[in-house]
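J.: Sharing input-v2.txt below, compact mmCIF, C-alpha atoms:
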```txt
# COMPACT_ATOMS: atom_id res chain seq x y z
CA MET O 1316 -16.22 40.40 47.16
CA ALA O 1317 -15.45 44.03 46.40
CA SER O 1318 -13.78 44.65 43.06
CA PRO O 1319 -9.99 45.05 43.27
CA ARG O 1320 -10.40 48.01 40.90
CA ARG O 1321 -7.28 47.00 39.04
CA ILE O 1322 -5.27 49.36 36.87
CA ASP O 1323 -4.03 47.31 33.94
CA VAL O 1324 -0.90 48.82 32.37
CA HIS O 1325 -0.64 46.14 29.68
CA TYR O 1326 -3.80 46.21 27.57
CA HIS O 1327 -3.81 46.34 23.79
CA LEU O 1328 -6.10 48.03 21.31
CA ILE O 1329 -6.39 46.73 17.75
CA PRO O 1330 -8.56 49.07 15.67
CA GLN O 1331 -9.97 47.57 12.48
CA PHE O 1332 -8.23 50.17 10.30
CA TYR O 1333 -4.92 49.16 11.90
CA GLN O 1334 -5.52 45.45 11.29
CA ASP O 1335 -6.37 46.22 7.66
CA ALA O 1336 -3.13 48.17 7.18
CA VAL O 1337 -1.03 45.39 8.72
CA TYR O 1338 -2.64 42.64 6.66
CA GLU O 1339 -2.40 44.71 3.49
CA ALA O 1340 1.35 44.96 4.06
CA GLY O 1341 1.59 41.19 4.44
CA ARG O 1342 2.36 41.42 8.14
CA GLY O 1343 0.68 40.30 11.32
CA PRO O 1344 1.19 39.52 15.01
CA ALA O 1345 3.34 36.70 16.36
CA ILE O 1346 0.22 34.56 16.83
CA GLY O 1347 -0.58 34.79 13.12
CA ARG O 1348 -3.93 36.60 13.09
CA TYR O 1349 -5.29 39.27 15.39
CA PRO O 1350 -7.77 38.19 18.06
CA ASP O 1351 -11.23 39.70 18.23
CA TRP O 1352 -11.15 43.26 19.55
CA SER O 1353 -13.59 46.11 20.06
CA PRO O 1354 -13.97 48.75 22.78
CA GLU O 1355 -17.11 47.02 23.99
CA LEU O 1356 -15.37 43.64 24.22
CA ALA O 1357 -12.44 45.31 26.02
CA LEU O 1358 -14.82 46.74 28.62
CA GLU O 1359 -16.57 43.39 29.01
CA ILE O 1360 -13.25 41.69 29.78
CA MET O 1361 -12.30 44.49 32.18
CA ASP O 1362 -15.56 44.09 34.10
CA ARG O 1363 -15.15 40.32 34.22
CA PHE O 1364 -11.68 40.49 35.76
CA GLY O 1365 -11.98 43.45 38.10
CA ILE O 1366 -10.08 45.90 35.91
CA GLU O 1367 -11.29 49.44 36.49
CA VAL O 1368 -8.81 51.20 34.20
CA ALA O 1369 -6.87 49.88 31.22
CA LEU O 1370 -3.92 51.70 29.68
CA ASN O 1371 -4.17 50.93 25.97
CA SER O 1372 -1.11 50.47 23.77
CA LEU O 1373 -0.91 49.50 20.14
CA ALA O 1374 -0.41 45.88 19.20
CA GLN O 1375 2.44 44.33 17.24
CA PRO O 1376 4.07 45.22 14.86
CA GLY O 1377 3.57 48.92 15.67
CA VAL O 1378 3.82 51.21 12.65
CA GLY O 1379 7.39 50.49 11.57
CA PHE O 1380 6.30 48.18 8.76
CA LEU O 1381 5.46 51.28 6.68
CA ASP O 1382 7.75 53.88 5.13
CA PRO O 1383 8.38 56.85 7.46
CA PRO O 1384 5.71 59.24 6.14
CA ALA O 1385 3.02 56.55 6.12
CA ALA O 1386 4.13 55.33 9.56
CA ALA O 1387 3.76 58.84 10.97
CA LEU O 1388 0.24 59.12 9.52
CA LEU O 1389 -0.81 55.75 10.91
CA ALA O 1390 0.63 56.58 14.34
CA ARG O 1391 -1.34 59.82 14.39
CA ARG O 1392 -4.54 58.01 13.40
CA CYS O 1393 -4.00 55.40 16.12
CA ASN O 1394 -3.33 58.06 18.74
CA ASP O 1395 -6.38 60.06 17.72
CA TYR O 1396 -8.46 56.89 17.94
CA ALA O 1397 -7.11 56.12 21.41
CA ALA O 1398 -7.93 59.69 22.43
CA GLU O 1399 -11.52 59.12 21.30
CA LEU O 1400 -11.75 56.08 23.58
CA ASN O 1401 -10.33 58.10 26.47
CA ALA O 1402 -12.88 60.85 25.88
CA LYS O 1403 -15.81 58.44 25.63
CA TRP O 1404 -14.80 56.38 28.68
CA PRO O 1405 -12.55 58.69 30.73
CA LYS O 1406 -12.79 56.59 33.88
CA ARG O 1407 -12.04 53.31 32.11
CA PHE O 1408 -9.33 53.97 29.51
CA GLY O 1409 -5.98 55.67 29.35
CA ALA O 1410 -3.40 55.39 26.61
CA PHE O 1411 0.28 55.09 25.82
CA ALA O 1412 1.24 56.96 22.67
CA THR O 1413 2.22 55.16 19.50
CA VAL O 1414 5.58 56.62 18.40
CA PRO O 1415 6.78 56.42 14.76
CA MET O 1416 10.47 55.71 15.32
CA ALA O 1417 11.64 55.53 11.69
CA ASN O 1418 12.06 59.32 11.72
CA PHE O 1419 13.09 60.93 14.99
CA GLY O 1420 11.55 64.27 14.02
CA ASP O 1421 8.21 62.52 13.60
CA ALA O 1422 8.78 60.62 16.84
CA VAL O 1423 9.47 63.75 18.89
CA GLY O 1424 6.52 65.53 17.28
CA GLU O 1425 4.14 62.68 18.09
CA ILE O 1426 5.37 62.55 21.68
CA ALA O 1427 4.63 66.27 22.03
CA TYR O 1428 1.19 65.88 20.44
CA SER O 1429 0.18 62.82 22.46
CA LEU O 1430 1.53 63.83 25.85
CA ASP O 1431 1.09 67.62 25.73
CA GLU O 1432 -2.15 67.96 23.76
CA LEU O 1433 -3.94 64.63 24.12
CA LYS O 1434 -2.72 64.23 27.73
CA PHE O 1435 -1.86 60.56 27.33
CA SER O 1436 -0.51 58.63 30.29
CA GLY O 1437 2.83 57.98 28.60
CA ALA O 1438 4.39 56.50 25.50
CA SER O 1439 4.84 52.95 24.25
CA LEU O 1440 8.17 51.97 22.74
CA PHE O 1441 9.41 48.64 21.50
CA ALA O 1442 12.46 47.10 23.13
CA SER O 1443 14.23 47.15 19.78
CA TYR O 1444 13.85 48.58 16.31
CA ASP O 1445 15.38 46.77 13.33
CA GLY O 1446 17.87 45.09 15.64
CA THR O 1447 18.87 48.21 17.60
CA PHE O 1448 17.88 48.19 21.27
CA LEU O 1449 16.64 50.94 23.53
CA GLY O 1450 19.58 52.59 25.24
CA ASP O 1451 21.48 53.03 21.99
CA PRO O 1452 22.61 56.67 21.62
CA ARG O 1453 20.86 56.98 18.26
CA PHE O 1454 17.57 57.09 20.18
CA ASP O 1455 18.73 60.03 22.32
CA PRO O 1456 16.48 62.63 20.60
CA VAL O 1457 13.45 60.56 21.61
CA MET O 1458 14.80 59.96 25.10
CA ASP O 1459 15.45 63.70 25.49
CA ALA O 1460 11.82 64.46 24.66
CA LEU O 1461 10.53 61.83 27.08
CA ASN O 1462 12.90 62.78 29.87
CA ALA O 1463 11.88 66.44 29.57
CA ARG O 1464 8.27 65.40 30.24
CA ASP O 1465 8.96 63.01 33.16
CA ALA O 1466 7.32 60.45 30.88
CA VAL O 1467 6.17 56.95 31.68
CA VAL O 1468 7.45 54.64 28.94
CA PHE O 1469 5.85 51.25 28.47
CA VAL O 1470 8.46 48.99 26.84
CA HIS O 1471 7.00 46.19 24.74
CA PRO O 1472 9.06 43.40 23.20
CA GLY O 1473 9.20 42.66 19.51
CA THR O 1474 11.24 40.49 17.23
CA HIS O 1475 14.84 40.84 16.11
CA PRO O 1476 15.73 40.51 12.40
CA LEU O 1477 17.90 37.51 13.23
CA ASN O 1478 14.96 35.64 14.77
CA SER O 1479 14.15 34.39 11.28
CA GLN O 1480 17.43 32.45 11.31
CA ILE O 1481 16.61 30.54 14.49
CA GLN O 1482 15.84 26.97 13.54
CA LEU O 1483 12.84 26.48 15.81
CA PRO O 1484 9.17 26.29 14.88
CA TRP O 1485 7.85 28.05 17.99
CA PRO O 1486 6.20 31.48 17.73
CA GLY O 1487 8.15 34.49 18.96
CA PHE O 1488 5.93 35.30 21.92
CA MET O 1489 6.89 32.04 23.67
CA MET O 1490 10.59 32.92 24.13
CA GLU O 1491 11.91 35.61 21.81
CA TYR O 1492 9.82 38.41 23.31
CA LEU O 1493 11.38 37.74 26.71
CA PHE O 1494 14.88 37.85 25.21
CA ASP O 1495 14.08 41.12 23.42
CA THR O 1496 13.06 42.79 26.68
CA THR O 1497 16.09 41.37 28.48
CA ARG O 1498 18.53 42.70 25.89
CA ALA O 1499 16.97 46.15 26.08
CA VAL O 1500 17.34 46.17 29.87
CA VAL O 1501 21.01 45.21 29.68
CA ASN O 1502 21.58 47.94 27.08
CA LEU O 1503 19.80 50.55 29.19
CA VAL O 1504 21.73 49.59 32.33
CA PHE O 1505 25.26 49.13 30.95
CA GLY O 1506 25.00 51.73 28.19
CA GLY O 1507 24.29 54.48 30.70
CA ALA O 1508 20.87 55.54 29.42
CA LEU O 1509 19.23 55.14 32.83
CA GLN O 1510 21.75 57.57 34.27
CA ARG O 1511 21.39 60.00 31.35
CA TYR O 1512 17.60 60.01 31.52
CA PRO O 1513 16.73 59.74 35.22
CA ARG O 1514 13.24 61.24 34.85
CA ILE O 1515 11.86 58.52 32.54
CA ARG O 1516 9.86 55.82 34.32
CA PHE O 1517 10.23 52.60 32.30
CA ILE O 1518 7.62 49.85 32.72
CA LEU O 1519 8.92 46.42 31.73
CA PRO O 1520 6.31 43.86 30.66
CA HIS O 1521 6.21 40.21 31.59
CA ALA O 1522 8.15 40.78 34.86
CA GLY O 1523 11.13 42.09 32.93
CA GLY O 1524 11.74 39.11 30.70
CA LEU O 1525 14.65 37.04 32.04
CA VAL O 1526 16.09 39.87 34.13
CA PRO O 1527 14.87 38.68 37.56
CA TYR O 1528 16.29 35.20 36.96
CA PHE O 1529 19.78 36.23 35.88
CA ALA O 1530 20.23 39.47 37.83
CA TRP O 1531 23.08 38.12 39.97
CA ARG O 1532 24.99 36.93 36.91
CA LEU O 1533 24.46 40.36 35.37
CA SER O 1534 25.74 42.09 38.52
CA VAL O 1535 29.12 40.33 38.43
CA SER O 1536 29.64 40.57 34.67
CA PRO O 1537 31.98 43.60 34.99
CA MET O 1538 34.26 41.47 37.18
CA ILE O 1539 34.59 39.02 34.31
CA ASP O 1540 35.12 41.43 31.44
CA ALA O 1541 37.08 44.65 31.93
CA ARG O 1542 35.60 46.07 28.72
CA LEU O 1543 32.25 46.53 30.44
CA ASN O 1544 31.24 49.66 32.28
CA GLN O 1545 32.75 48.92 35.68
CA ILE O 1546 29.73 49.34 37.89
CA SER O 1547 29.51 47.40 41.12
CA PRO O 1548 26.98 44.66 41.87
CA ASP O 1549 25.19 47.01 44.24
CA GLU O 1550 24.97 49.63 41.49
CA VAL O 1551 23.54 47.07 39.06
CA PHE O 1552 20.86 46.03 41.53
CA ALA O 1553 20.08 49.69 42.26
CA LEU O 1554 19.60 50.36 38.54
CA LEU O 1555 17.33 47.33 38.17
CA LYS O 1556 15.20 48.78 40.98
CA ARG O 1557 14.70 51.88 38.86
CA PHE O 1558 12.44 49.93 36.52
CA TRP O 1559 8.76 49.24 37.00
CA TYR O 1560 7.65 45.66 36.30
CA ASP O 1561 4.22 44.36 35.27
CA ASN O 1562 3.08 40.80 35.94
CA ALA O 1563 1.46 40.12 32.55
CA LEU O 1564 1.77 36.42 31.68
CA SER O 1565 4.05 36.14 34.74
CA PRO O 1566 1.74 35.64 37.73
CA GLY O 1567 3.12 32.40 39.16
CA GLU O 1568 5.27 31.65 42.17
CA GLN O 1569 8.17 30.70 39.90
CA THR O 1570 8.49 34.22 38.53
CA TRP O 1571 7.46 35.99 41.73
CA GLY O 1572 10.25 34.23 43.64
CA CYS O 1573 12.78 35.97 41.40
CA LEU O 1574 10.99 39.26 40.78
CA GLN O 1575 10.52 40.16 44.43
CA THR O 1576 14.29 40.01 44.99
CA ILE O 1577 15.15 42.69 42.41
CA ALA O 1578 12.09 44.94 42.00
CA SER O 1579 11.19 47.73 44.36
CA PRO O 1580 7.97 46.51 46.06
CA ASP O 1581 6.18 49.73 45.16
CA GLN O 1582 7.11 49.43 41.49
CA ILE O 1583 5.34 46.19 40.58
CA VAL O 1584 2.08 46.71 38.70
CA PHE O 1585 -0.73 44.69 37.20
CA GLY O 1586 -0.91 43.67 33.55
CA SER O 1587 -3.07 41.21 31.63
CA ASP O 1588 -1.78 41.41 28.02
CA TRP O 1589 -5.34 41.11 26.70
CA PRO O 1590 -6.41 40.30 23.99
CA PHE O 1591 -3.24 38.41 23.00
CA ALA O 1592 -3.63 36.68 26.32
CA ASN O 1593 -7.20 35.68 25.51
CA ALA O 1594 -10.01 35.35 28.03
CA ARG O 1595 -9.14 31.73 28.76
CA VAL O 1596 -5.50 32.61 29.45
CA THR O 1597 -6.49 35.67 31.46
CA ALA O 1598 -8.77 33.53 33.64
CA GLU O 1599 -5.92 31.09 34.24
CA ALA O 1600 -3.56 33.96 35.04
CA MET O 1601 -6.03 35.44 37.51
CA LYS O 1602 -6.52 32.10 39.23
CA THR O 1603 -2.76 31.66 39.55
CA TYR O 1604 -2.18 35.24 40.71
CA GLU O 1605 -4.98 35.23 43.26
CA ALA O 1606 -3.74 31.92 44.70
CA LEU O 1607 -0.18 33.18 45.18
CA ASP O 1608 0.37 32.61 48.89
CA ALA O 1609 3.56 34.69 48.93
CA LEU O 1610 1.49 37.86 48.42
CA SER O 1611 -0.14 39.48 51.41
CA PRO O 1612 -3.47 41.26 50.90
CA ARG O 1613 -1.63 44.57 51.24
CA GLN O 1614 0.92 43.60 48.57
CA ARG O 1615 -1.81 42.40 46.23
CA ALA O 1616 -3.76 45.63 46.62
CA ALA O 1617 -0.60 47.59 45.82
CA ILE O 1618 0.06 45.58 42.67
CA ASP O 1619 -3.57 45.70 41.60
CA ARG O 1620 -3.95 49.43 41.99
CA GLY O 1621 -1.97 51.37 44.57
CA ASN O 1622 1.43 51.26 42.92
CA ALA O 1623 0.06 52.33 39.54
CA LEU O 1624 -1.55 55.40 41.09
CA THR O 1625 1.94 56.73 41.74
CA LEU O 1626 2.41 56.85 37.97
CA PHE O 1627 -1.18 57.71 37.06
CA PRO O 1628 -2.75 59.71 39.90
CA GLN O 1629 -5.49 60.96 37.58
CA PHE O 1630 -7.22 57.58 38.00
CA ALA O 1631 -7.46 57.83 41.80
```
Represent the structure contained in this file as structure tokens.
T.:
Amino acid sequence: MASPRRIDVHYHLIPQFYQDAVYEAGRGPAIGRYPDWSPELALEIMDRFGIEVALNSLAQPGVGFLDPPAAALLARRCNDYAAELNAKWPKRFGAFATVPMANFGDAVGEIAYSLDELKFSGASLFASYDGTFLGDPRFDPVMDALNARDAVVFVHPGTHPLNSQIQLPWPGFMMEYLFDTTRAVVNLVFGGALQRYPRIRFILPHAGGLVPYFAWRLSVSPMIDARLNQISPDEVFALLKRFWYDNALSPGEQTWGCLQTIASPDQIVFGSDWPFANARVTAEAMKTYEALDALSPRQRAAIDRGNALTLFPQFA
């Protein structure tokens, strides 16, 4: 069979210098330790699963575990490293910029450097920072910079400070990441940020968290509480269609049944979440995705590649 030539919008890079900095600070990813990663291993996985281009973004926990000056330096080093990968394998890798959000001056400067000089495909932001979610007006300087550049913004979930108080032993990626994304979406929709920044194209990972499942409930919430921004159900659904959705760790019929009712068909894209979704998980995801009877060959080709080319025509 011919390769589907997939464009993977949800692919992580984990440089050794970054791992060392995270471990030295006593931090780590939700799964405890970082999985094996190298550019060569990334390319091997891409070839195995029909991925022609991978858009790299930095792994958890970003750079916010450092003080602002050190975070800015680490973000720059990570972006320069990603640029080296892009230059060495220009037909295989793209990148979303790492943005040091502890200082908005640094954040805006790194956006300018990464998008204007390094020509990255977009920027990667977390759904929340220290308990404050995207859509909050305090992030407006960053949103202004992204909106001015018609930027693609890959939104990745993280953990909320209050997660430590939840009396469950399960790692954050199982549930909490989905809730983090969901809360950011609600904040972006009802806080007005989507209307204020119409030129930003937001990609939501993992099929948008819980958003597809509870979209109807969300649409009627203003009828229940007059304190909410009184937007109609049709307006809520129209705003949800503004987002792009990847299918990382969400390839099954259960999720697709909900996602296809709220997402614009031409704004669903492919994601693997490698290497946190390891090769075994990726193989299972591919088997599930490729067996999804609800997808026509035309729809599958659009998700694999065609839709992403609207955002990233340089990879045509």
J.: Within 8 Å of segment 1553-1564 of chain O, counting only C-alpha atoms, which residues show up once you throw out same-chain ones fewer than 4 positions away? Write them as a PyMOL selection string, please.
T.: chain O and resi 1324-1325+1504+1509+1516-1523+1549+1577-1579+1582-1588+1592+1600
J.: In Å to one decimal, how far is atom CA of Gln1575 of chain O from atom CA of Pro1590 of chain O?
T.: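 If I compute the distance from atom CA of Pro1590 of chain O to atom CA of Gln1575 of chain O, I get 26.5 Å.
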J.: Between O:Glu1399, O:Ala1463, O:Ser1443, O:Trp1571, single out the one closest to Thr1603 of chain O, counting all atoms listed in the file.
T.: O:Trp1571
J.: For a test of reading the model, state the distance in Å between atom CA of Ser1436 of chain O and atom CA of Asp1395 of chain O, rounded to one decimal.
T.: 13.9 Å
J.: I need the residue nearest Ala1442 of chain O from this list: O:Phe1591, O:Tyr1349, O:Tyr1333, O:Phe1454. Use all atoms listed in the file for the distance.
T.: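 Among O:Phe1591, O:Tyr1349, O:Tyr1333, O:Phe1454, it is O:Phe1454 that comes nearest to Ala1442 of chain O.
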J.: With distances taken over only C-alpha atoms, which residue among O:Leu1525, O:Ser1565, O:Ile1322, O:Lys1602 lies nearest Pro1628 of chain O?
T.: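 Using only C-alpha atoms, the shortest distance to Pro1628 of chain O belongs to O:Ile1322.
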J.: Return the single residue from O:Val1551, O:Ala1617, O:Ala1623, O:Val1501 that is closest to Leu1370 of chain O, with distances computed using only C-alpha atoms.
T.: O:Ala1623
J.: Rounded to one decimal, what separation in Å do you get between atom CA of Ala1508 of chain O and atom CA of Pro1456 of chain O?
T.: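 So the two atoms, atom CA of Ala1508 of chain O and atom CA of Pro1456 of chain O, lie 12.1 Å apart.
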J.: Given the choices O:Ala1357, O:Val1337, O:Leu1449, O:Ala1499, which gets closest to Ala1386 of chain O if the distance is worked out from all atoms listed in the file?
T.: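 Closest to Ala1386 of chain O of all the choices is O:Val1337.
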J.: Closest to Gly1420 of chain O among O:Pro1384, O:Gly1524, O:Pro1376, O:Pro1548, using only C-alpha atoms?
T.: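 Of O:Pro1384, O:Gly1524, O:Pro1376, O:Pro1548, the one nearest Gly1420 of chain O, counting only C-alpha atoms, is O:Pro1384.
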J.: May I have the protein, DNA and RNA residues with any atom at most 12 Å from the point (-15.0, 46.1, 34.0), counting all atoms listed in the file, written as a PyMOL selection string?
T.: chain O and resi 1318-1323+1354-1369+1404+1406-1408
J.: With C-alpha atoms retained, export the selected residues as a compact mmCIF listing (two decimals), in the frame of the given file.
T.:
```
# COMPACT_ATOMS: atom_id res chain seq x y z
CA SER O 1318 -13.78 44.65 43.06
CA PRO O 1319 -9.99 45.05 43.27
CA ARG O 1320 -10.40 48.01 40.90
CA ARG O 1321 -7.28 47.00 39.04
CA ILE O 1322 -5.27 49.36 36.87
CA ASP O 1323 -4.03 47.31 33.94
CA PRO O 1354 -13.97 48.75 22.78
CA GLU O 1355 -17.11 47.02 23.99
CA LEU O 1356 -15.37 43.64 24.22
CA ALA O 1357 -12.44 45.31 26.02
CA LEU O 1358 -14.82 46.74 28.62
CA GLU O 1359 -16.57 43.39 29.01
CA ILE O 1360 -13.25 41.69 29.78
CA MET O 1361 -12.30 44.49 32.18
CA ASP O 1362 -15.56 44.09 34.10
CA ARG O 1363 -15.15 40.32 34.22
CA PHE O 1364 -11.68 40.49 35.76
CA GLY O 1365 -11.98 43.45 38.10
CA ILE O 1366 -10.08 45.90 35.91
CA GLU O 1367 -11.29 49.44 36.49
CA VAL O 1368 -8.81 51.20 34.20
CA ALA O 1369 -6.87 49.88 31.22
CA TRP O 1404 -14.80 56.38 28.68
CA LYS O 1406 -12.79 56.59 33.88
CA ARG O 1407 -12.04 53.31 32.11
CA PHE O 1408 -9.33 53.97 29.51
```
